[in-house]
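This is run-v7.cif (mmCIF, C-alpha atoms).
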data_input
#
loop_
_atom_site.label_atom_id
_atom_site.label_comp_id
_atom_site.auth_asym_id
_atom_site.auth_seq_id
_atom_site.Cartn_x
_atom_site.Cartn_y
_atom_site.Cartn_z
CA MET U 1 37.51 -112.55 -36.82
CA THR U 2 40.45 -113.80 -34.79
CA THR U 3 40.14 -113.35 -31.01
CA VAL U 4 43.16 -112.92 -28.76
CA VAL U 5 43.27 -115.82 -26.32
CA PRO U 6 46.50 -115.86 -24.27
CA THR U 7 47.83 -119.36 -23.56
CA SER U 8 50.78 -120.81 -21.72
CA GLU U 9 52.59 -121.28 -25.02
CA GLU U 10 52.92 -117.57 -25.84
CA ASP U 11 53.23 -114.44 -23.72
CA PRO U 12 50.04 -112.31 -23.82
CA SER U 13 52.02 -109.36 -25.19
CA LEU U 14 53.40 -111.43 -28.06
CA ALA U 15 49.92 -112.79 -28.75
CA VAL U 16 48.62 -109.21 -29.08
CA VAL U 17 51.54 -108.21 -31.32
CA ARG U 18 50.89 -111.21 -33.57
CA PHE U 19 47.13 -110.60 -33.71
CA THR U 20 47.39 -106.89 -34.49
CA ALA U 21 50.19 -107.41 -37.01
CA GLU U 22 48.26 -110.10 -38.89
CA LEU U 23 45.15 -107.94 -39.07
CA SER U 24 46.96 -104.74 -40.04
CA TRP U 25 48.96 -106.45 -42.84
CA ALA U 26 46.18 -108.75 -44.04
CA ASP U 27 45.58 -106.76 -47.23
CA ALA U 28 49.23 -106.91 -48.30
CA GLY U 29 49.16 -110.59 -49.26
CA PRO U 30 50.36 -113.70 -47.37
CA GLU U 31 54.07 -113.39 -48.20
CA VAL U 32 54.41 -109.73 -47.27
CA ALA U 33 52.12 -110.11 -44.24
CA GLN U 34 54.03 -113.07 -42.81
CA GLY U 35 57.34 -111.25 -43.11
CA GLN U 36 56.01 -108.20 -41.33
CA VAL U 37 54.36 -110.29 -38.61
CA ASN U 38 57.62 -112.14 -37.95
CA ARG U 39 59.57 -108.89 -37.87
CA LEU U 40 57.22 -107.28 -35.37
CA CYS U 41 57.13 -110.36 -33.14
CA LEU U 42 60.93 -110.54 -33.13
CA GLU U 43 61.18 -106.85 -32.28
CA ALA U 44 58.66 -107.34 -29.46
CA GLN U 45 60.66 -110.25 -28.05
CA GLU U 46 63.82 -108.13 -28.02
CA CYS U 47 62.01 -105.38 -26.11
CA MET U 48 60.83 -107.90 -23.53
CA ILE U 49 64.26 -109.48 -23.09
CA GLN U 50 65.89 -106.08 -22.65
CA ASN U 51 63.09 -104.75 -20.39
CA ARG U 52 62.35 -101.96 -22.86
CA TRP U 53 58.72 -101.73 -21.84
CA LEU U 54 58.11 -98.26 -23.22
CA ASP U 55 59.35 -99.35 -26.66
CA LEU U 56 57.16 -102.46 -26.46
CA ALA U 57 54.12 -100.35 -25.60
CA SER U 58 54.85 -98.01 -28.50
CA LEU U 59 55.20 -100.97 -30.88
CA MET U 60 51.94 -102.53 -29.76
CA LEU U 61 50.04 -99.25 -29.82
CA THR U 62 51.12 -98.49 -33.40
CA SER U 63 49.62 -101.74 -34.71
CA ALA U 64 46.57 -101.52 -32.46
CA ASP U 65 45.90 -98.01 -33.72
CA VAL U 66 45.90 -99.24 -37.32
CA ILE U 67 43.30 -101.95 -36.66
CA PHE U 68 41.06 -99.89 -34.37
CA SER U 69 38.41 -99.39 -37.05
CA LYS U 70 38.68 -103.00 -38.30
CA ALA U 71 38.63 -105.18 -35.19
CA SER U 72 35.65 -105.96 -33.02
CA GLU U 73 35.27 -104.12 -29.72
CA LYS U 74 35.75 -107.40 -27.86
CA ASP U 75 39.09 -108.03 -29.57
CA LEU U 76 40.21 -104.43 -29.06
CA GLU U 77 39.29 -104.45 -25.38
CA CYS U 78 41.31 -107.63 -24.89
CA ALA U 79 44.31 -106.27 -26.78
CA TYR U 80 44.33 -102.95 -24.95
CA THR U 81 43.94 -104.70 -21.60
CA VAL U 82 47.24 -106.44 -22.28
CA ILE U 83 48.85 -103.19 -23.45
CA CYS U 84 47.65 -101.27 -20.37
CA ASN U 85 48.99 -103.97 -18.06
CA LEU U 86 52.50 -103.17 -19.30
CA VAL U 87 52.51 -100.26 -16.80
CA ASN U 88 53.06 -102.88 -14.10
CA LYS U 89 56.40 -103.90 -15.60
CA PRO U 90 58.77 -100.96 -14.92
CA GLU U 91 60.02 -100.36 -11.39
CA SER U 92 60.56 -96.63 -11.92
CA LEU U 93 57.50 -94.41 -11.39
CA ASP U 94 58.88 -92.03 -14.00
CA GLN U 95 58.89 -94.82 -16.59
CA VAL U 96 55.39 -95.85 -15.55
CA HIS U 97 54.18 -92.27 -16.00
CA GLU U 98 55.85 -92.05 -19.41
CA MET U 99 54.08 -95.24 -20.47
CA ALA U 100 50.75 -94.00 -19.10
CA GLU U 101 51.15 -90.75 -21.07
CA LEU U 102 51.94 -92.68 -24.24
CA ILE U 103 49.01 -95.09 -23.92
CA ALA U 104 46.47 -92.46 -22.88
CA THR U 105 47.51 -90.06 -25.64
CA LYS U 106 47.32 -92.77 -28.31
CA VAL U 107 43.94 -94.02 -27.13
CA ALA U 108 42.42 -90.52 -26.89
CA HIS U 109 43.81 -88.92 -30.04
CA GLN U 110 41.58 -90.63 -32.64
CA LEU U 111 37.99 -89.46 -32.43
CA SER U 112 36.46 -91.15 -35.44
CA ASP U 113 34.65 -93.98 -33.67
CA LYS U 114 34.28 -96.22 -30.62
CA HIS U 115 34.37 -93.34 -28.13
CA VAL U 116 32.81 -95.35 -25.30
CA LEU U 117 35.34 -98.15 -25.78
CA ARG U 118 38.19 -95.65 -25.67
CA LEU U 119 36.84 -94.30 -22.38
CA LYS U 120 36.63 -97.82 -21.02
CA ILE U 121 40.27 -98.43 -21.96
CA LEU U 122 41.37 -95.19 -20.30
CA PHE U 123 39.58 -95.98 -17.06
CA ASN U 124 41.04 -99.49 -17.11
CA LEU U 125 44.47 -97.87 -17.43
CA TYR U 126 43.62 -95.45 -14.60
CA ASN U 127 42.79 -98.33 -12.25
CA LEU U 128 46.13 -100.00 -12.96
CA LEU U 129 48.14 -96.94 -11.95
CA LYS U 130 49.42 -96.24 -8.45
CA ASN U 131 51.11 -92.88 -9.08
CA PRO U 132 48.54 -90.11 -8.30
CA TYR U 133 49.84 -87.74 -10.97
CA SER U 134 49.69 -90.48 -13.61
CA GLN U 135 46.10 -91.14 -12.57
CA PHE U 136 45.29 -87.44 -12.93
CA PHE U 137 46.87 -87.29 -16.39
CA VAL U 138 44.80 -90.25 -17.61
CA TYR U 139 41.63 -88.87 -16.02
CA MET U 140 42.05 -85.55 -17.81
CA LYS U 141 42.55 -87.40 -21.10
CA ALA U 142 39.29 -89.23 -20.41
CA LEU U 143 37.45 -85.98 -19.74
CA ASN U 144 38.74 -84.36 -22.92
CA LEU U 145 37.80 -87.47 -24.91
CA ALA U 146 34.32 -87.44 -23.39
CA VAL U 147 33.88 -83.83 -24.53
CA SER U 148 35.20 -84.22 -28.07
CA GLY U 149 33.48 -87.59 -28.52
CA GLU U 150 30.18 -86.29 -27.11
CA VAL U 151 29.95 -89.06 -24.52
CA ALA U 152 30.14 -86.89 -21.39
CA GLU U 153 27.35 -88.84 -19.68
CA TYR U 154 29.86 -91.63 -19.04
CA VAL U 155 32.21 -89.43 -16.98
CA VAL U 156 29.70 -87.24 -15.10
CA PRO U 157 29.06 -89.88 -12.36
CA SER U 158 32.76 -89.78 -11.45
CA PHE U 159 32.42 -86.12 -10.40
CA LYS U 160 30.71 -87.26 -7.20
CA LYS U 161 34.09 -88.64 -6.10
CA MET U 162 35.94 -85.40 -6.81
CA ASP U 163 36.74 -84.65 -3.17
CA ASN U 164 38.39 -88.06 -2.82
CA PHE U 165 40.29 -87.55 -6.07
CA LEU U 166 41.63 -84.20 -4.92
CA ARG U 167 42.89 -85.69 -1.65
CA GLU U 168 44.63 -88.51 -3.50
CA TRP U 169 46.10 -86.45 -6.36
CA ASN U 170 47.39 -83.48 -4.29
CA LEU U 171 47.39 -81.24 -7.37
CA GLY U 172 49.17 -77.96 -7.92
CA VAL U 173 47.21 -74.79 -8.66
CA LYS U 174 47.53 -74.99 -12.44
CA ASP U 175 46.27 -78.58 -12.56
CA GLN U 176 43.40 -77.69 -10.23
CA ARG U 177 42.37 -74.91 -12.60
CA ASP U 178 42.43 -77.23 -15.60
CA LEU U 179 40.39 -79.83 -13.74
CA PHE U 180 37.75 -77.51 -12.28
CA LEU U 181 37.19 -75.60 -15.51
CA THR U 182 36.94 -78.79 -17.58
CA VAL U 183 34.42 -80.32 -15.18
CA ALA U 184 32.38 -77.09 -15.05
CA ASN U 185 32.18 -76.96 -18.85
CA ILE U 186 31.24 -80.64 -19.12
CA LEU U 187 28.40 -80.21 -16.64
CA LYS U 188 27.20 -77.09 -18.42
CA ASP U 189 27.28 -78.64 -21.91
CA SER U 190 25.72 -81.93 -20.78
CA LYS U 191 22.71 -80.08 -19.31
CA SER U 192 23.45 -81.52 -15.88
CA SER U 193 22.85 -79.61 -12.68
CA ALA U 194 23.47 -75.91 -13.30
CA LYS U 195 24.34 -75.51 -9.63
CA ASP U 196 27.02 -78.24 -9.82
CA SER U 197 28.50 -76.59 -12.90
CA PHE U 198 28.47 -73.23 -11.13
CA ASN U 199 30.13 -74.69 -8.01
CA PHE U 200 33.05 -76.08 -10.03
CA LEU U 201 33.37 -72.77 -11.83
CA VAL U 202 33.60 -71.04 -8.44
CA LYS U 203 36.27 -73.56 -7.37
CA TYR U 204 38.19 -72.57 -10.50
CA LEU U 205 37.92 -68.87 -9.67
CA GLU U 206 38.98 -69.49 -6.06
CA THR U 207 42.35 -70.81 -7.28
CA PHE U 208 43.23 -67.24 -8.34
CA SER U 209 43.07 -65.91 -4.77
CA GLY U 210 46.51 -64.70 -3.79
CA GLY U 211 47.73 -64.47 -7.39
CA ASP U 212 49.27 -61.36 -8.93
CA ALA U 213 47.23 -59.04 -11.12
CA SER U 214 48.42 -60.52 -14.41
CA THR U 215 47.53 -64.03 -13.28
CA VAL U 216 44.13 -63.02 -11.93
CA ALA U 217 43.40 -61.26 -15.24
CA GLU U 218 43.41 -64.67 -16.95
CA ALA U 219 40.13 -65.45 -15.20
CA LYS U 220 38.14 -62.44 -16.44
CA GLU U 221 35.97 -64.25 -18.95
CA GLU U 222 35.18 -67.11 -16.57
CA ALA U 223 34.43 -64.57 -13.82
CA VAL U 224 31.86 -62.97 -16.11
CA HIS U 225 30.47 -66.41 -16.90
CA ALA U 226 30.05 -67.08 -13.16
CA ILE U 227 28.22 -63.77 -12.68
CA ILE U 228 25.75 -64.45 -15.47
CA GLU U 229 25.14 -68.02 -14.30
CA PHE U 230 24.46 -66.77 -10.77
CA VAL U 231 22.01 -64.12 -11.99
CA LYS U 232 20.24 -66.59 -14.30
CA ALA U 233 19.87 -69.37 -11.74
CA PRO U 234 16.39 -69.28 -10.15
CA ASP U 235 17.59 -71.20 -7.07
CA MET U 236 20.84 -69.41 -6.17
CA PHE U 237 20.50 -66.43 -3.85
CA GLN U 238 23.70 -66.20 -1.83
CA GLY U 239 27.44 -66.32 -2.35
CA ASP U 240 30.78 -64.74 -1.53
CA LEU U 241 31.58 -63.91 -5.14
CA LEU U 242 32.26 -60.23 -4.50
CA ASP U 243 35.21 -61.10 -2.25
CA MET U 244 36.97 -63.18 -4.91
CA PRO U 245 39.91 -61.39 -6.57
CA ALA U 246 38.92 -62.91 -9.92
CA ILE U 247 35.56 -61.15 -9.73
CA ALA U 248 36.58 -58.06 -7.72
CA GLN U 249 38.97 -57.09 -10.54
CA LEU U 250 35.94 -56.43 -12.77
CA GLU U 251 34.64 -53.54 -10.64
CA LYS U 252 36.72 -50.94 -12.48
CA ASP U 253 37.39 -52.94 -15.63
CA ALA U 254 36.93 -51.03 -18.89
CA VAL U 255 35.01 -53.92 -20.46
CA TYR U 256 33.27 -55.80 -17.65
CA ALA U 257 32.34 -53.14 -15.07
CA LEU U 258 28.62 -53.51 -15.85
CA GLU U 259 28.75 -57.23 -15.13
CA TYR U 260 30.24 -56.53 -11.72
CA GLN U 261 27.60 -53.88 -11.03
CA LEU U 262 24.87 -56.37 -11.92
CA LEU U 263 26.26 -58.96 -9.52
CA LYS U 264 26.52 -56.39 -6.75
CA ILE U 265 22.83 -55.55 -7.20
CA PHE U 266 21.83 -59.22 -6.92
CA LEU U 267 23.97 -59.76 -3.82
CA THR U 268 23.60 -56.54 -1.86
CA GLN U 269 20.71 -54.38 -3.17
CA ARG U 270 16.96 -54.51 -3.76
CA LEU U 271 14.50 -54.54 -6.61
CA ASP U 272 14.51 -50.79 -7.18
CA ALA U 273 18.26 -50.86 -7.89
CA TYR U 274 17.79 -53.62 -10.47
CA LEU U 275 14.94 -51.75 -12.18
CA ASP U 276 17.10 -48.63 -12.45
CA PHE U 277 19.91 -50.74 -13.91
CA HIS U 278 17.54 -52.37 -16.39
CA SER U 279 16.15 -49.06 -17.60
CA SER U 280 19.65 -48.00 -18.66
CA ASN U 281 21.07 -51.36 -19.74
CA SER U 282 18.27 -53.47 -21.20
CA ASP U 283 20.29 -54.31 -24.34
CA PHE U 284 23.21 -55.39 -22.16
CA LEU U 285 20.98 -57.80 -20.21
CA GLU U 286 19.44 -59.20 -23.37
CA SER U 287 22.89 -59.83 -24.86
CA TYR U 288 23.48 -62.40 -22.10
CA GLY U 289 20.08 -64.01 -22.55
CA LEU U 290 18.79 -62.66 -19.24
CA VAL U 291 14.99 -62.50 -19.12
CA HIS U 292 13.74 -59.35 -17.40
CA GLU U 293 10.71 -61.03 -15.81
CA ASP U 294 12.87 -63.78 -14.33
CA CYS U 295 15.30 -61.24 -12.93
CA VAL U 296 12.46 -59.26 -11.37
CA ALA U 297 11.05 -62.41 -9.75
CA LYS U 298 14.45 -63.31 -8.29
CA MET U 299 15.05 -59.78 -7.06
CA ARG U 300 11.66 -59.75 -5.33
CA LEU U 301 12.60 -62.83 -3.34
CA ILE U 302 16.03 -61.37 -2.58
CA SER U 303 14.49 -58.07 -1.52
CA LEU U 304 12.10 -59.87 0.82
CA VAL U 305 15.05 -61.68 2.41
CA ASP U 306 16.83 -58.35 2.80
CA LEU U 307 13.82 -56.91 4.61
CA GLY U 308 13.89 -59.85 7.00
CA ASN U 309 17.59 -59.40 7.74
CA SER U 310 17.52 -55.65 8.25
CA GLY U 311 14.37 -55.25 10.32
CA SER U 312 13.29 -56.04 13.88
CA GLY U 313 11.86 -59.43 12.95
CA GLN U 314 8.52 -57.92 11.92
CA ILE U 315 7.86 -56.86 8.34
CA PRO U 316 4.64 -54.91 7.68
CA TYR U 317 2.64 -55.93 4.63
CA SER U 318 2.84 -52.33 3.41
CA LEU U 319 6.66 -52.40 3.41
CA ILE U 320 6.70 -55.69 1.48
CA LYS U 321 4.20 -54.27 -1.01
CA ASP U 322 6.27 -51.13 -1.62
CA THR U 323 9.67 -52.86 -1.71
CA LEU U 324 8.58 -55.66 -4.04
CA GLN U 325 6.39 -53.26 -6.07
CA ILE U 326 3.40 -55.60 -6.02
CA GLU U 327 -0.30 -55.41 -5.20
CA GLU U 328 -1.47 -55.92 -1.62
CA ASN U 329 -3.10 -59.27 -2.44
CA GLU U 330 0.26 -60.53 -3.75
CA VAL U 331 2.13 -60.07 -0.48
CA GLU U 332 1.28 -63.42 1.09
CA PRO U 333 1.95 -65.46 -2.10
CA TRP U 334 5.43 -63.92 -2.32
CA VAL U 335 6.11 -64.72 1.33
CA VAL U 336 5.04 -68.30 0.68
CA LYS U 337 7.42 -68.45 -2.31
CA ALA U 338 10.28 -67.30 -0.09
CA ILE U 339 9.39 -69.95 2.49
CA THR U 340 9.20 -72.64 -0.21
CA ALA U 341 12.64 -71.60 -1.46
CA LYS U 342 13.92 -71.98 2.14
CA LEU U 343 15.04 -68.37 2.15
CA ILE U 344 13.05 -67.42 5.20
CA ASP U 345 11.29 -68.99 8.21
CA CYS U 346 8.35 -66.93 9.40
CA ARG U 347 4.73 -66.70 10.48
CA ILE U 348 2.13 -64.65 8.65
CA ASP U 349 0.01 -62.54 10.99
CA GLN U 350 -2.99 -61.70 8.83
CA ILE U 351 -4.81 -59.83 11.59
CA ASN U 352 -1.99 -57.37 12.22
CA GLN U 353 -0.78 -57.45 8.61
CA VAL U 354 2.82 -58.32 9.49
CA VAL U 355 5.26 -61.16 8.77
CA LEU U 356 7.08 -62.42 11.89
CA VAL U 357 10.55 -63.57 10.82
CA SER U 358 12.53 -66.16 12.81
CA ARG U 359 15.29 -66.83 10.26
CA CYS U 360 16.56 -65.39 6.99
CA THR U 361 19.24 -66.60 4.60
CA GLU U 362 22.30 -64.35 4.48
CA ARG U 363 22.85 -63.06 0.95
CA VAL U 364 26.59 -62.79 1.52
CA PHE U 365 28.72 -64.19 4.32
CA GLY U 366 31.75 -61.97 4.75
CA LEU U 367 33.57 -60.49 7.72
CA HIS U 368 30.51 -58.61 9.00
CA GLU U 369 28.42 -61.80 8.98
CA TRP U 370 31.14 -63.76 10.79
CA GLU U 371 31.31 -61.04 13.47
CA SER U 372 27.54 -61.12 13.83
CA LEU U 373 27.61 -64.90 14.18
CA ARG U 374 30.36 -64.64 16.79
CA SER U 375 28.29 -62.13 18.75
CA LYS U 376 25.27 -64.43 18.68
CA LEU U 377 27.33 -67.42 19.81
CA VAL U 378 28.79 -65.40 22.69
CA THR U 379 25.26 -64.38 23.71
CA TRP U 380 23.99 -67.96 23.45
CA ARG U 381 26.92 -69.22 25.51
CA GLY U 382 26.18 -66.60 28.16
CA ASN U 383 22.51 -67.55 28.22
CA ILE U 384 23.35 -71.25 28.57
CA ALA U 385 25.80 -70.45 31.37
CA ASN U 386 23.05 -68.51 33.17
CA VAL U 387 20.63 -71.40 32.79
CA ILE U 388 23.19 -73.85 34.16
CA SER U 389 23.93 -71.52 37.10
CA THR U 390 20.21 -71.20 37.84
CA ILE U 391 19.73 -74.97 37.72
CA GLN U 392 22.70 -75.54 40.03
CA ALA U 393 21.50 -72.85 42.46
CA ASN U 394 18.03 -74.39 42.55
CA LYS U 395 19.52 -77.82 43.12
CA ILE U 396 21.60 -76.55 46.06
CA THR U 397 18.52 -74.87 47.54
CA GLU U 398 16.47 -78.01 47.02
CA ASP U 399 19.14 -80.22 48.61
CA GLY U 400 19.38 -77.84 51.60
CA THR U 401 15.62 -77.84 52.05
CA GLN U 402 15.51 -81.64 51.98
CA ALA U 403 18.29 -81.77 54.58
CA VAL U 404 16.45 -79.43 56.92
CA GLN U 405 13.29 -81.41 56.52
CA GLY U 406 15.20 -84.58 57.38
CA VAL U 407 16.57 -83.06 60.60
CA THR U 408 13.11 -81.80 61.59
CA THR U 409 11.63 -85.25 61.05
CA ARG U 410 14.20 -86.91 63.27
#
Before we go any further, please render this structure as structure tokens.
Amino acid sequence: MTTVVPTSEEDPSLAVVRFTAELSWADAGPEVAQGQVNRLCLEAQECMIQNRWLDLASLMLTSADVIFSKASEKDLECAYTVICNLVNKPESLDQVHEMAELIATKVAHQLSDKHVLRLKILFNLYNLLKNPYSQFFVYMKALNLAVSGEVAEYVVPSFKKMDNFLREWNLGVKDQRDLFLTVANILKDSKSSAKDSFNFLVKYLETFSGGDASTVAEAKEEAVHAIIEFVKAPDMFQGDLLDMPAIAQLEKDAVYALEYQLLKIFLTQRLDAYLDFHSSNSDFLESYGLVHEDCVAKMRLISLVDLGNSGSGQIPYSLIKDTLQIEENEVEPWVVKAITAKLIDCRIDQINQVVLVSRCTERVFGLHEWESLRSKLVTWRGNIANVISTIQANKITEDGTQAVQGVTTR
């Protein structure tokens, strides 16, 4: 197999054109092949002389596409490295973007083989680009290729840099939606962190805030998906989902009102409300793959948190027993589960049969919670001011006493 080795005697682009042409026309016989190779090389030279870099890229990609299944990965990587570097030739960012679109689309469109190599080529192209929107276009092509080629594990690590990407790309709302939804689906399908997938889905839904009713309606199915994922997750207990327009629209929806009602139970109500809902809608819950026992366990933890937030800081065992609908000897194990899940900080007073709560997780954090936090901060600031005043007063008294003692001594 011939390997592309650029030398000082021939431009790297011409070397790639010659290599790909020879390989793609090899089966046509020497006479036909040589004529076609010469024709393509001459056409490539004309493109270079006239600075028609987009035409040159198109020419090179056509031949490279033909040999993709024939050439070795080493040869292909070398050839595509030269092709990708053509984006450094034009001075116009518009031309660079047009070339990036052409290369990325060509590389991503064939899904028969060498998926990992195609991803490698796309990320090489990404690193050569300076225009943020061109980078975003190539990145999205890489994500879609990773999905269709079933090689998502190669793109998942890049999601950790998403905050940096967003600052650099400065995307519009539509592009943000495409990005967040694609990432959420990749994480879900690749069995990665369910919480990470859920967080990107929430980011997607947040982009509909401030939109008109017809626009927000586009997010109905994904809003339902977010609700079910939240209810299923054994380690998610709080969120501001109810305040999102994309989810709030479901409250009176003819199709999805039950889904909204279910979410409201898990965010604002207790176990008894869920059990009533289940008794009337067990088939509905089963249709989403929700396991009743898992839902009950989650609602018991949530109900315990609610008791901690609504009481005086002391929760009697009897109240926990009745609210969680458990036996008396199960009270302490459920409190321990809540502590382990970091939902509550407390002490268990076995003698007096009460749980002494010092902190509880807020199930939702809306306007009421912000006002409560503001009130606490004002109180803390006042207390600190009083402490400082007391310290200063004591210092003045102490200094005065020392002065008097000094005078007396003299």
message = I'd like the contact shell of Leu143 of chain U - 12 Å cut-off, only C-alpha atoms, skipping same-chain residues fewer than 2 positions apart - returned as an MDAnalysis selection string.
response = chainID U and resid 104 108 115:116 118:120 122:123 136:141 145:159 178:187
Please produce an output containing C-alpha atoms for each residue in the selection, written as a compact mmCIF listing (two decimals), in the frame of the given file.
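Generated file (selection-v8.txt):
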# COMPACT_ATOMS: atom_id res chain seq x y z
CA ALA U 104 46.47 -92.46 -22.88
CA ALA U 108 42.42 -90.52 -26.89
CA HIS U 115 34.37 -93.34 -28.13
CA VAL U 116 32.81 -95.35 -25.30
CA ARG U 118 38.19 -95.65 -25.67
CA LEU U 119 36.84 -94.30 -22.38
CA LYS U 120 36.63 -97.82 -21.02
CA LEU U 122 41.37 -95.19 -20.30
CA PHE U 123 39.58 -95.98 -17.06
CA PHE U 136 45.29 -87.44 -12.93
CA PHE U 137 46.87 -87.29 -16.39
CA VAL U 138 44.80 -90.25 -17.61
CA TYR U 139 41.63 -88.87 -16.02
CA MET U 140 42.05 -85.55 -17.81
CA LYS U 141 42.55 -87.40 -21.10
CA LEU U 145 37.80 -87.47 -24.91
CA ALA U 146 34.32 -87.44 -23.39
CA VAL U 147 33.88 -83.83 -24.53
CA SER U 148 35.20 -84.22 -28.07
CA GLY U 149 33.48 -87.59 -28.52
CA GLU U 150 30.18 -86.29 -27.11
CA VAL U 151 29.95 -89.06 -24.52
CA ALA U 152 30.14 -86.89 -21.39
CA GLU U 153 27.35 -88.84 -19.68
CA TYR U 154 29.86 -91.63 -19.04
CA VAL U 155 32.21 -89.43 -16.98
CA VAL U 156 29.70 -87.24 -15.10
CA PRO U 157 29.06 -89.88 -12.36
CA SER U 158 32.76 -89.78 -11.45
CA PHE U 159 32.42 -86.12 -10.40
CA ASP U 178 42.43 -77.23 -15.60
CA LEU U 179 40.39 -79.83 -13.74
CA PHE U 180 37.75 -77.51 -12.28
CA LEU U 181 37.19 -75.60 -15.51
CA THR U 182 36.94 -78.79 -17.58
CA VAL U 183 34.42 -80.32 -15.18
CA ALA U 184 32.38 -77.09 -15.05
CA ASN U 185 32.18 -76.96 -18.85
CA ILE U 186 31.24 -80.64 -19.12
CA LEU U 187 28.40 -80.21 -16.64
task = One decimal, Å: what's the distance from atom CA of Gly313 of chain U over to atom CA of Val355 of chain U, could you say?
result =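 Value for the atom CA of Gly313 of chain U-atom CA of Val355 of chain U distance: 8.0 Å.
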inquiry  = Ranking U:Ala71, U:Leu267, U:Ala254, U:Val357 by minimum distance to Lys114 of chain U and counting all atoms listed in the file, which one comes first?
reply    = U:Ala71
task = Enumerate, as a ChimeraX atom specification, the residues matched when the PyMOL selection byres ((chain U and resi 231) around 12) is run on the file above.
result = /U:194-195,198,224-230,232-239,241,259-267,274,285,288-292,294-299,302
For segment 206-213 of chain U, I'd like the enclosing box, axis-aligned and padded by 8 Å on every side, reported as JSON with centre and edge lengths in Å to one decimal.
{"center_x": 44.1, "center_y": -64.9, "center_z": -7.5, "size_x": 26.3, "size_y": 27.8, "size_z": 23.3}
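Look at Asn124 of chain U: the protein and nucleic acid residues within 12 Å of it, using only C-alpha atoms and passing over chain neighbours fewer than 4 places away, are Glu77, Cys78, Tyr80, Thr81, Val82, Ile83, Cys84, Asn85, Val87, Ala100, Ile103, Ala104, Val107, Leu117, Arg118, Leu119, Lys120, Leu128, Leu129, Gln135, Val138, Tyr139 and Ala142 of chain U.
Between Lys321 of chain U and the residues U:Val255, U:Arg347, U:Leu271, U:Leu171, the shortest atom-to-atom distance, using all atoms listed in the file, involves U:Leu271.
Across the model, the gap from atom CA of Ser92 of chain U to atom CA of Ala44 of chain U is 20.6 Å.
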Should you be able to, write segment 305-337 of chain U of this structure into a file that contains C-alpha atoms, as a compact mmCIF listing (two decimals), in the first residue's frame.
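The resulting file, selection.txt, is shown below:
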# COMPACT_ATOMS: atom_id res chain seq x y z
CA VAL U 305 -37.43 15.90 54.57
CA ASP U 306 -40.76 17.71 54.40
CA LEU U 307 -41.38 16.97 58.08
CA GLY U 308 -38.00 18.46 58.92
CA ASN U 309 -38.69 21.63 56.94
CA SER U 310 -42.19 22.25 58.26
CA GLY U 311 -41.72 21.51 61.95
CA SER U 312 -40.02 23.18 64.90
CA GLY U 313 -36.79 21.24 64.45
CA GLN U 314 -38.10 18.28 66.45
CA ILE U 315 -39.87 15.38 64.76
CA PRO U 316 -41.53 12.81 67.04
CA TYR U 317 -41.03 9.17 66.13
CA SER U 318 -44.81 8.75 66.05
CA LEU U 319 -45.18 11.45 63.37
CA ILE U 320 -42.46 9.84 61.23
CA LYS U 321 -44.12 6.45 61.65
CA ASP U 322 -47.53 7.74 60.57
CA THR U 323 -46.28 9.93 57.71
CA LEU U 324 -43.98 7.30 56.21
CA GLN U 325 -46.52 4.52 56.97
CA ILE U 326 -43.90 2.26 58.51
CA GLU U 327 -43.46 0.22 61.69
CA GLU U 328 -42.00 1.87 64.79
CA ASN U 329 -38.76 -0.13 64.56
CA GLU U 330 -38.24 1.21 61.02
CA VAL U 331 -38.15 4.87 62.03
CA GLU U 332 -34.45 5.09 62.86
CA PRO U 333 -33.29 3.15 59.74
CA TRP U 334 -35.24 5.59 57.54
CA VAL U 335 -33.71 8.57 59.33
CA VAL U 336 -30.27 7.06 58.76
CA LYS U 337 -31.09 6.63 55.05
